[in-house]
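> Got a file for you: my_file35.cif, mmCIF, C-alpha atoms and all ligand atoms; chains and numbers go by the auth columns.
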```
data_work
loop_
_atom_site.group_PDB
_atom_site.id
_atom_site.type_symbol
_atom_site.label_atom_id
_atom_site.label_comp_id
_atom_site.label_asym_id
_atom_site.label_seq_id
_atom_site.Cartn_x
_atom_site.Cartn_y
_atom_site.Cartn_z
_atom_site.B_iso_or_equiv
_atom_site.auth_seq_id
_atom_site.auth_asym_id
ATOM 1 C CA MET A 1 -40.034 5.062 -86.924 0.00 1 T
ATOM 2 C CA ALA A 2 -40.348 1.740 -85.323 0.00 2 T
ATOM 3 C CA THR A 3 -37.294 -0.335 -84.904 0.00 3 T
ATOM 4 C CA GLY A 4 -38.730 -3.721 -84.173 0.00 4 T
ATOM 5 C CA LYS A 5 -35.560 -5.301 -83.043 0.00 5 T
ATOM 6 C CA ALA A 6 -34.321 -5.135 -79.528 0.00 6 T
ATOM 7 C CA PRO A 7 -30.735 -6.082 -78.870 0.00 7 T
ATOM 8 C CA GLN A 8 -30.505 -9.441 -77.219 0.00 8 T
ATOM 9 C CA THR A 9 -28.307 -9.715 -74.226 0.00 9 T
ATOM 10 C CA SER A 10 -26.920 -13.155 -74.206 0.00 10 T
ATOM 11 C CA GLU A 11 -25.782 -13.512 -70.672 0.00 11 T
ATOM 12 C CA THR A 12 -24.435 -16.908 -69.976 0.00 12 T
ATOM 13 C CA ARG A 13 -23.986 -17.282 -66.302 0.00 13 T
ATOM 14 C CA LYS A 14 -22.333 -20.398 -65.122 0.00 14 T
ATOM 15 C CA ALA A 15 -23.340 -21.826 -61.813 0.00 15 T
ATOM 16 C CA GLY A 16 -19.837 -21.979 -60.511 0.00 16 T
ATOM 17 C CA PHE A 17 -18.093 -21.991 -57.222 0.00 17 T
ATOM 18 C CA LYS A 18 -17.007 -18.391 -57.285 0.00 18 T
ATOM 19 C CA GLY A 19 -18.313 -16.462 -54.357 0.00 19 T
ATOM 20 C CA ASN A 20 -19.812 -19.547 -52.803 0.00 20 T
ATOM 21 C CA LYS A 21 -17.370 -20.417 -50.118 0.00 21 T
ATOM 22 C CA SER A 22 -19.866 -22.061 -47.859 0.00 22 T
ATOM 23 C CA PHE A 23 -20.500 -24.884 -50.258 0.00 23 T
ATOM 24 C CA LEU A 24 -18.245 -27.855 -49.823 0.00 24 T
ATOM 25 C CA PRO A 25 -18.876 -31.355 -51.081 0.00 25 T
ATOM 26 C CA SER A 26 -19.449 -34.088 -48.581 0.00 26 T
ATOM 27 C CA LYS A 27 -20.165 -37.779 -48.569 0.00 27 T
ATOM 28 C CA PRO A 28 -20.757 -40.490 -46.026 0.00 28 T
ATOM 29 C CA CYS A 29 -17.908 -42.532 -44.634 0.00 29 T
ATOM 30 C CA ALA A 30 -17.964 -46.047 -46.049 0.00 30 T
ATOM 31 C CA SER A 31 -17.354 -47.476 -42.613 0.00 31 T
ATOM 32 C CA CYS A 32 -19.148 -45.476 -39.949 0.00 32 T
ATOM 33 C CA GLY A 33 -21.555 -43.670 -42.234 0.00 33 T
ATOM 34 C CA LEU A 34 -20.854 -40.259 -40.772 0.00 34 T
ATOM 35 C CA PRO A 35 -20.794 -37.462 -43.307 0.00 35 T
ATOM 36 C CA MET A 36 -17.329 -36.217 -44.030 0.00 36 T
ATOM 37 C CA THR A 37 -16.846 -32.767 -45.393 0.00 37 T
ATOM 38 C CA TRP A 38 -14.348 -31.952 -48.079 0.00 38 T
ATOM 39 C CA ARG A 39 -10.944 -31.064 -46.747 0.00 39 T
ATOM 40 C CA LYS A 40 -8.121 -29.345 -48.482 0.00 40 T
ATOM 41 C CA ARG A 41 -5.858 -32.329 -47.981 0.00 41 T
ATOM 42 C CA TRP A 42 -8.375 -34.380 -49.916 0.00 42 T
ATOM 43 C CA ALA A 43 -8.449 -31.980 -52.829 0.00 43 T
ATOM 44 C CA LYS A 44 -6.568 -34.327 -55.098 0.00 44 T
ATOM 45 C CA THR A 45 -7.892 -37.616 -53.802 0.00 45 T
ATOM 46 C CA TRP A 46 -11.479 -36.738 -52.981 0.00 46 T
ATOM 47 C CA ASP A 47 -12.827 -39.368 -55.351 0.00 47 T
ATOM 48 C CA GLU A 48 -10.745 -42.018 -53.668 0.00 48 T
ATOM 49 C CA VAL A 49 -11.452 -40.995 -50.114 0.00 49 T
ATOM 50 C CA ARG A 50 -13.869 -43.433 -48.536 0.00 50 T
ATOM 51 C CA TYR A 51 -13.201 -43.284 -44.858 0.00 51 T
ATOM 52 C CA CYS A 52 -13.246 -40.393 -42.453 0.00 52 T
ATOM 53 C CA SER A 53 -10.291 -41.624 -40.448 0.00 53 T
ATOM 54 C CA ASP A 54 -7.539 -44.185 -40.338 0.00 54 T
ATOM 55 C CA ALA A 55 -9.545 -46.165 -37.839 0.00 55 T
ATOM 56 C CA CYS A 56 -12.416 -46.462 -40.289 0.00 56 T
ATOM 57 C CA ARG A 57 -9.998 -47.340 -43.043 0.00 57 T
ATOM 58 C CA ARG A 58 -8.754 -50.218 -40.958 0.00 58 T
ATOM 59 C CA THR A 59 -12.260 -51.290 -40.112 0.00 59 T
ATOM 60 C CA GLY A 60 -13.172 -51.255 -43.755 0.00 60 T
ATOM 61 C CA PRO A 61 -16.607 -51.050 -45.340 0.00 61 T
ATOM 62 C CA LYS A 62 -19.659 -51.719 -43.276 0.00 62 T
ATOM 63 C CA ALA A 63 -20.380 -55.396 -43.089 0.00 63 T
ATOM 64 C CA PRO A 64 -23.665 -56.340 -44.761 0.00 64 T
HETATM 65 ZN ZN ZN B . -15.778 -43.178 -40.502 0.00 101 T
#
```
Once you've parsed the file, please lay out its structure as C-alpha cells.
Ligand SMILES: [Zn+2]


Amino acid sequence: MATGKAPQTSETRKAGFKGNKSFLPSKPCASCGLPMTWRKRWAKTWDEVRYCSDACRRTGPKAP
C-alpha cells in the first residue's frame, strides 16, 4: 500500500516588514552626504527628500 504522493505545502512567505521594526530605509544627504534615516514625517515624501536639514536644503547639492 504505497501512496507515492506526498501533499505539497505551498508556503509562500513574503519578505515583508512585519516584525522587523529595526529596519528603516536610509539614504545619504545630497548636500552633506551624511546618512539620513527614515522618519515618520517623511513617510509620504521620502522619495523627494534629499537633504537632512533646512540648512542643507539651502546649501543645495554638493558642488562638483
Ligand atoms: Zn545634510

> Would you list the contacts of stretch 42-44 of chain T as a PyMOL selection string, taking every protein, DNA or RNA residue within 12 Å and counting only C-alpha atoms, but skipping same-chain residues closer than 5 positions in sequence?

chain T and resi 24-26+36-37+49-52

> Which residues of chain T have any atom within 7 Å of an atom in ligand ZN 101 (chain T) when counting all atoms listed in the file, and what is the closest pair of atoms for each, with the distance in Å to one decimal? Order the rows by chain and rising number and write it as JSON lines.


```
{"residue": "T:Cys29", "atom": "CA", "partner": "T:ZN101", "partner_atom": "ZN", "distance": 4.7}
{"residue": "T:Ala30", "atom": "CA", "partner": "T:ZN101", "partner_atom": "ZN", "distance": 6.6}
{"residue": "T:Ser31", "atom": "CA", "partner": "T:ZN101", "partner_atom": "ZN", "distance": 5.0}
{"residue": "T:Cys32", "atom": "CA", "partner": "T:ZN101", "partner_atom": "ZN", "distance": 4.1}
{"residue": "T:Gly33", "atom": "CA", "partner": "T:ZN101", "partner_atom": "ZN", "distance": 6.1}
{"residue": "T:Leu34", "atom": "CA", "partner": "T:ZN101", "partner_atom": "ZN", "distance": 5.9}
{"residue": "T:Tyr51", "atom": "CA", "partner": "T:ZN101", "partner_atom": "ZN", "distance": 5.1}
{"residue": "T:Cys52", "atom": "CA", "partner": "T:ZN101", "partner_atom": "ZN", "distance": 4.2}
{"residue": "T:Ser53", "atom": "CA", "partner": "T:ZN101", "partner_atom": "ZN", "distance": 5.7}
{"residue": "T:Cys56", "atom": "CA", "partner": "T:ZN101", "partner_atom": "ZN", "distance": 4.7}
```

> So what do you get for atom CA of T:Asp47 versus atom CA of T:Pro28, distance-wise?

12.3 Å

> At what distance in Å, to one decimal, does atom CA of T:Glu48 lie from atom CA of T:Pro64?

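Computing the Euclidean distance for atom CA of T:Pro64 and atom CA of T:Glu48 yields 21.2 Å.
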
> Any idea what the distance is between atom CA of T:Arg57 and atom CA of T:Lys27?

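According to the coordinates, atom CA of T:Arg57 and atom CA of T:Lys27 are separated by 15.0 Å.
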